[in-house]
Amino acid sequence: MTELPLSVLDVAPVAANGTAGEALRFTTELARRTEALGYRRFWVAEHHNMPAIASSSPAVLLAHLAAATATIRVGSGGVMLPNHAPLVVAEQFGTLEALHPGRIDLGIGRAPGTDQYTALALRRSMEGLSAENFPEELQSLIGYFRGDERILASPGNGEKPEVWLLGSSGFSAQLAGLMGLPFAFAHHFSSQNTLPALELYRRAFRPSEVLDRPYAMVAVSATVADTDEEAEFLAGPASLSFLRLRSGRPEALATPEEAAAYPYTPREREFVLERRVGQALGSPETARRQLTELLEQTRADEFMLTCMVYDLKARIRSFELIREEIAPHLHTS
């Protein structure tokens, strides 16, 4: 039995009355602090046309984060491959790997990371919106790192980051298994699909040059504070932000006070509560129980924790409490 590896997923949340620059500085500070705490990875996610998120350019942000840290692995959680030419991604992450050898993760997803109108602006054609060519594009991307393509990716050929496949459904789970890649599942926003997807991944897995056995990481929303009541208060802005996003009216991250005063309808309250199923929210004791149960259910090899909290100090405190009071109780075989 060994202690379960823990990692961090961040989206550089932009606070109400804040700026993108401030959000990116906060993310940099969080990366430094979680590195000091012993977290394994620090990933940022590609999203577009969202006022509350400043991580729209993972490769650019990762160059900064890798330079600002020394040992923690940094990566994308993920790059949405259909938004980009595989050669461009290979050269971007080949450059990162050349600059920071052995520290770069390339998590790949096939969703747009935005609404369909913005996806069209990114992909520039209606054909690209279906992402039906994703398996071929993924093979092409990996081919650039291997030097299998007619065009030389430079950097890229010989500078291969650790490639992950990300997913929130069975499609990417099965593909990751068939390709023998590590798989990260978005439990933080698709908890109802977690167990079926992980089962499909493990059942489809074929050993590869990368892995001889399945390796599954589960992304979990985790907001931990000294008391259950404080954690509930701190989690309010993230819940309201997600509700506004799904309602087609995204805004910057509200203050905890604004979120607490928001007049939820019964249907909206039900939506928020459903989204929290299977996540970690509460005091260290409460969150430890929740994460232990999730680990037993998923048999995950690693947890990636995301904490979309308004105040940077509270966000750092959440990761401190998890590292100090919860991590020693989470084990994998």
# chains A, B, ... in the order shown; residues from 1 in each chain; ligands from 1
>>> select_by_dssp(residues="stretch 100-199 of chain A", states="strand (DSSP E or B)", output="list in words")
Ile104, Asp105, Leu106, Gly107, Ile108, Gly109, Glu162, Val163, Trp164, Leu165, Leu166, Gly167, Phe183, Ala184 and Phe185 of chain A
>>> atom_distance(atom1="atom CA of A:Ala254", atom2="atom CA of A:Val60")
26.3 Å
>>> closest_residue(among="A:Ala98, A:Ile322, A:Val272, A:Ala197", to="A:Ser172", atoms="only C-alpha atoms")
A:Ala197
>>> residues_around(residues="A:Ala260", least_positions_apart="6", cutoff="10 Å", atoms="only C-alpha atoms", output="mmCIF file with N, CA and C atoms, in the first residue's frame")
data_model
loop_
_atom_site.group_PDB
_atom_site.id
_atom_site.type_symbol
_atom_site.label_atom_id
_atom_site.label_comp_id
_atom_site.auth_asym_id
_atom_site.auth_seq_id
_atom_site.Cartn_x
_atom_site.Cartn_y
_atom_site.Cartn_z
ATOM 1 N N GLU A 232 -18.844 25.210 2.815
ATOM 2 C CA GLU A 232 -20.071 25.457 2.060
ATOM 3 C C GLU A 232 -20.119 26.903 1.580
ATOM 4 N N PHE A 233 -19.737 27.821 2.427
ATOM 5 C CA PHE A 233 -19.724 29.243 2.080
ATOM 6 C C PHE A 233 -18.716 29.509 0.959
ATOM 7 N N LEU A 234 -17.531 28.917 1.063
ATOM 8 C CA LEU A 234 -16.478 29.132 0.063
ATOM 9 C C LEU A 234 -16.834 28.513 -1.294
ATOM 10 N N ALA A 235 -17.604 27.427 -1.279
ATOM 11 C CA ALA A 235 -17.961 26.729 -2.519
ATOM 12 C C ALA A 235 -19.088 27.419 -3.276
ATOM 13 N N GLY A 236 -19.760 28.375 -2.640
ATOM 14 C CA GLY A 236 -20.896 29.036 -3.262
ATOM 15 C C GLY A 236 -20.600 29.678 -4.608
ATOM 16 N N PRO A 237 -19.505 30.440 -4.758
ATOM 17 C CA PRO A 237 -19.216 31.077 -6.044
ATOM 18 C C PRO A 237 -19.049 30.096 -7.194
ATOM 19 N N LEU A 240 -22.515 28.876 -8.266
ATOM 20 C CA LEU A 240 -23.246 29.917 -8.992
ATOM 21 C C LEU A 240 -22.644 30.130 -10.377
ATOM 22 N N ALA A 254 -18.310 35.182 -8.690
ATOM 23 C CA ALA A 254 -18.935 36.036 -7.679
ATOM 24 C C ALA A 254 -18.215 35.925 -6.342
#
>>> closest_atom_pairs(of="stretch 278-304 of chain A", to="stretch 181-189 of chain A", cutoff="12 Å", atoms="only C-alpha atoms", output="CSV")
residue,atom,partner,partner_atom,distance
A:Gly278,CA,A:His187,CA,8.0
A:Gln279,CA,A:His188,CA,6.8
A:Ala280,CA,A:His188,CA,9.6
A:Leu281,CA,A:His188,CA,11.9
A:Leu294,CA,A:His187,CA,10.1
A:Leu295,CA,A:His187,CA,11.9
A:Thr298,CA,A:His187,CA,10.3
A:Ala300,CA,A:Ala184,CA,9.6
A:Asp301,CA,A:Ala184,CA,10.0
A:Glu302,CA,A:Ala184,CA,9.0
A:Phe303,CA,A:Ala184,CA,9.1
A:Met304,CA,A:Ala184,CA,8.6
>>> residues_around(residues="A:Glu324", least_positions_apart="6", cutoff="12 Å", atoms="only C-alpha atoms", output="VMD selection string")
chain A and resid 6 34 37 to 39 224 284 to 285 288 317 to 318 330
>>> atom_distance(atom1="atom CA of A:Arg206", atom2="atom CA of A:Leu178")
5.5 Å
